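data-v3.cif (mmCIF, C-alpha atoms)
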```cif
data_target
loop_
_atom_site.label_atom_id
_atom_site.label_comp_id
_atom_site.auth_asym_id
_atom_site.auth_seq_id
_atom_site.Cartn_x
_atom_site.Cartn_y
_atom_site.Cartn_z
CA MET O 1 -15.73 10.91 46.12
CA ALA O 2 -13.85 9.05 43.38
CA THR O 3 -10.38 7.76 43.98
CA LEU O 4 -7.73 8.04 41.31
CA VAL O 5 -5.73 4.86 41.03
CA ALA O 6 -2.52 5.02 39.05
CA SER O 7 -1.68 2.13 36.76
CA PRO O 8 1.30 0.06 37.84
CA PRO O 9 4.48 0.99 35.95
CA SER O 10 4.53 -2.36 34.13
CA LEU O 11 1.01 -1.75 32.79
CA LEU O 12 2.02 1.73 31.63
CA ARG O 13 5.02 0.27 29.77
CA LEU O 14 2.78 -2.38 28.20
CA ARG O 15 0.32 0.26 27.01
CA GLN O 16 3.14 2.37 25.58
CA ARG O 17 4.65 -0.61 23.77
CA ALA O 18 1.22 -1.50 22.37
CA LYS O 19 0.77 2.10 21.22
CA GLU O 20 4.11 1.95 19.42
CA GLY O 21 3.14 -1.33 17.75
CA LEU O 22 5.83 -3.34 19.54
CA ILE O 23 3.58 -6.09 20.84
CA LYS O 24 2.91 -8.79 18.28
CA GLY O 25 -0.84 -9.06 18.89
CA HIS O 26 -1.24 -5.31 18.56
CA ARG O 27 0.88 -5.24 15.40
CA LYS O 28 -1.35 -7.92 13.91
CA THR O 29 -4.42 -5.88 14.88
CA LEU O 30 -2.88 -2.83 13.23
CA GLY O 31 -2.21 -4.88 10.09
CA LEU O 32 -5.76 -6.23 9.94
CA GLU O 33 -7.22 -2.74 10.39
CA GLY O 34 -4.85 -1.50 7.69
CA GLU O 35 -6.13 -4.19 5.31
CA THR O 36 -9.74 -3.29 6.10
CA GLN O 37 -9.06 0.38 5.37
CA ALA O 38 -7.12 -0.55 2.22
CA VAL O 39 -10.13 -2.49 0.88
CA LYS O 40 -12.35 0.57 1.40
CA ILE O 41 -9.87 2.80 -0.42
CA LEU O 42 -9.35 0.35 -3.26
CA LYS O 43 -13.10 0.02 -3.82
CA LYS O 44 -13.39 3.82 -4.01
CA TRP O 45 -10.73 3.76 -6.74
CA GLY O 46 -12.65 1.11 -8.71
CA TYR O 47 -10.70 -2.02 -7.79
CA GLN O 48 -12.77 -5.20 -7.62
CA ILE O 49 -11.65 -7.22 -4.60
CA LEU O 50 -11.26 -10.91 -5.42
CA GLN O 51 -9.73 -12.24 -2.22
CA ARG O 52 -8.17 -11.20 1.05
CA ASN O 53 -5.33 -13.02 2.79
CA TYR O 54 -4.59 -15.58 0.09
CA ARG O 55 -2.21 -18.14 1.59
CA SER O 56 0.12 -20.42 -0.29
CA SER O 57 3.24 -22.41 0.44
CA HIS O 58 5.21 -19.30 -0.61
CA GLY O 59 3.51 -16.90 1.77
CA GLU O 60 0.50 -14.63 1.97
CA ILE O 61 -0.90 -12.00 -0.35
CA ASP O 62 -2.89 -9.41 1.58
CA ILE O 63 -5.36 -8.58 -1.20
CA VAL O 64 -5.96 -9.86 -4.73
CA ALA O 65 -8.04 -7.56 -6.95
CA TYR O 66 -8.93 -6.61 -10.50
CA ASP O 67 -8.14 -3.14 -11.79
CA SER O 68 -9.73 -2.93 -15.23
CA SER O 69 -8.53 -6.18 -16.81
CA THR O 70 -5.36 -6.52 -14.75
CA ILE O 71 -4.97 -8.85 -11.79
CA VAL O 72 -3.38 -6.90 -8.94
CA PHE O 73 -1.55 -8.49 -6.03
CA LEU O 74 -1.48 -5.99 -3.18
CA GLU O 75 0.73 -5.75 -0.13
CA VAL O 76 -0.65 -3.54 2.63
CA LYS O 77 1.67 -1.72 5.01
CA ALA O 78 0.07 0.02 7.98
CA CYS O 79 1.85 2.12 10.58
CA LYS O 80 1.34 4.68 13.28
CA SER O 81 4.64 6.44 12.67
CA THR O 82 7.13 7.04 9.88
CA ARG O 83 9.93 7.26 12.43
CA TYR O 84 11.66 4.34 10.68
CA GLY O 85 10.90 5.57 7.18
CA PRO O 86 7.92 5.27 4.85
CA PRO O 87 5.97 2.01 5.17
CA GLU O 88 6.52 1.01 1.53
CA LEU O 89 10.26 0.73 2.18
CA ARG O 90 9.59 -2.06 4.67
CA ILE O 91 8.99 -4.55 1.85
CA THR O 92 12.21 -6.53 1.59
CA ASN O 93 13.51 -8.39 -1.45
CA GLU O 94 12.72 -11.63 0.39
CA LYS O 95 9.11 -10.51 0.86
CA ARG O 96 8.92 -9.65 -2.85
CA ARG O 97 10.13 -13.14 -3.77
CA HIS O 98 7.47 -14.65 -1.50
CA LEU O 99 4.78 -12.44 -3.03
CA PHE O 100 5.84 -13.42 -6.54
CA GLY O 101 5.79 -17.13 -5.67
CA ALA O 102 2.36 -16.81 -4.07
CA ALA O 103 1.11 -14.84 -7.10
CA GLN O 104 2.34 -17.56 -9.47
CA GLN O 105 0.53 -20.18 -7.40
CA TYR O 106 -2.66 -18.08 -7.38
CA ILE O 107 -2.54 -17.72 -11.16
CA ARG O 108 -2.06 -21.49 -11.58
CA GLU O 109 -4.82 -22.40 -9.12
CA LYS O 110 -7.35 -20.03 -10.69
CA GLY O 111 -6.41 -20.86 -14.30
CA LEU O 112 -5.48 -17.26 -15.07
CA SER O 113 -2.31 -17.77 -17.09
CA GLY O 114 -1.98 -15.30 -19.92
CA GLN O 115 -3.64 -12.48 -17.95
CA SER O 116 -1.72 -9.34 -17.18
CA PHE O 117 -0.84 -8.74 -13.55
CA ARG O 118 1.05 -6.30 -11.39
CA PHE O 119 2.14 -5.74 -7.81
CA ASP O 120 0.79 -2.69 -5.98
CA VAL O 121 1.40 -1.48 -2.44
CA VAL O 122 -1.15 0.28 -0.25
CA THR O 123 0.19 2.29 2.67
CA ILE O 124 -2.04 3.31 5.54
CA GLN O 125 -0.89 5.63 8.30
CA PHE O 126 -2.97 5.93 11.47
CA ASP O 127 -2.93 8.83 13.89
CA GLU O 128 -2.80 8.45 17.68
CA GLU O 129 -6.60 8.07 17.85
CA GLY O 130 -6.54 5.23 15.31
CA ARG O 131 -7.95 7.24 12.39
CA VAL O 132 -6.43 7.08 8.91
CA SER O 133 -4.23 10.15 8.56
CA ASP O 134 -2.63 9.27 5.22
CA SER O 135 -2.92 6.59 2.57
CA LYS O 136 -1.50 5.87 -0.86
CA ILE O 137 -1.75 3.31 -3.59
CA ILE O 138 1.55 2.71 -5.34
CA GLN O 139 0.83 1.02 -8.65
CA ASN O 140 3.51 -1.19 -10.17
CA ALA O 141 5.45 -0.85 -6.92
CA PHE O 142 7.83 -3.60 -8.05
CA SER O 143 8.13 -6.14 -10.82
CA ALA O 144 8.35 -9.92 -10.71
CA GLN O 145 12.13 -9.54 -10.89
CA GLY O 146 12.17 -7.33 -7.78
#
```
Spit out the file's structure as structure tokens when you get a sec.
Amino acid sequence: MATLVASPPSLLRLRQRAKEGLIKGHRKTLGLEGETQAVKILKKWGYQILQRNYRSSHGEIDIVAYDSSTIVFLEVKACKSTRYGPPELRITNEKRRHLFGAAQQYIREKGLSGQSFRFDVVTIQFDEEGRVSDSKIIQNAFSAQG
């Protein structure tokens, strides 16, 4: 006969906090899975992925891609809930400044000056089982000026 052993209350709280994305390691895992799903979606839409997780002194760009002849710098926002609003609204002006600085550095490093570029946002929403329940690509989500 099997014995049912209840989890200690602290473990239950930890699991709930992880489910809600409140534990840093789990939030990072959610973000990485969001980026992986975003790459799949972008490829389906014809984007050519150039680089993931480009790091510079200004910050990180989640994905750099080509869409036709345009360089696209993409920020990915993944979530399990829209309780605090849509994920795209979580990109602050400070984050935009960091993205723009990193994009400028990328363009300099790769010798791409003179090429057209834009900033897109990909939002990925996961359901309770971890499956993608909604996604969107927001083209020209913001300009270099914010």
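Here CA of Arg90 in chain O stands at a distance of 22.2 Å from CA of Gln104 in chain O.
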Taking (1.4, -12.4, -5.3) in the coordinates of the supplied file, I want to know which residues reach to within 8 Å of it, counting all atoms listed in the file; could you give the answer as a PDB file with C-alpha atoms, in the coordinates of the input?
```
ATOM      1  CA  GLU O  60       0.500 -14.630   1.970  1.00  0.00           C
ATOM      2  CA  ILE O  61      -0.900 -12.000  -0.350  1.00  0.00           C
ATOM      3  CA  VAL O  64      -5.960  -9.860  -4.730  1.00  0.00           C
ATOM      4  CA  PHE O  73      -1.550  -8.490  -6.030  1.00  0.00           C
ATOM      5  CA  LEU O  74      -1.480  -5.990  -3.180  1.00  0.00           C
ATOM      6  CA  HIS O  98       7.470 -14.650  -1.500  1.00  0.00           C
ATOM      7  CA  LEU O  99       4.780 -12.440  -3.030  1.00  0.00           C
ATOM      8  CA  PHE O 100       5.840 -13.420  -6.540  1.00  0.00           C
ATOM      9  CA  GLY O 101       5.790 -17.130  -5.670  1.00  0.00           C
ATOM     10  CA  ALA O 102       2.360 -16.810  -4.070  1.00  0.00           C
ATOM     11  CA  ALA O 103       1.110 -14.840  -7.100  1.00  0.00           C
ATOM     12  CA  GLN O 104       2.340 -17.560  -9.470  1.00  0.00           C
ATOM     13  CA  TYR O 106      -2.660 -18.080  -7.380  1.00  0.00           C
ATOM     14  CA  PHE O 119       2.140  -5.740  -7.810  1.00  0.00           C
TER      15      PHE O 119
END
```
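Taking CA of Gln125 in chain O and CA of Leu32 in chain O as the two end points, the separation is 12.9 Å.
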If you take every atom of range 36-39 of chain O that the file lists and fit an axis-aligned box around them with 4 Å extra on each side, what centre and edge lengths come out in Å to one decimal, as AutoDock Vina command-line options?
```
--center_x -8.6 --center_y -1.5 --center_z 3.5 --size_x 11.0 --size_y 11.7 --size_z 13.2
```
Arg118 in chain O: which residues within 7 Å, counting all atoms listed in the file, same-chain residues fewer than 4 positions away excluded, as a ChimeraX atom specification?
-> /O:71-73,140
What separates CA of Glu129 in chain O and CA of Ser81 in chain O is a distance of 12.5 Å
Any chance you could resolve the PyMOL selection byres ((chain O and resi 75) around 6) against this file and give the residues as a list in words?
-> Asp62, Leu74, Val76 and Val121 of chain O
Polymer residues at most 12 Å from (-10.8, -2.9, -1.2) by all atoms listed in the file, as a ChimeraX atom specification = /O:34-52,62-67,72-76,122,137
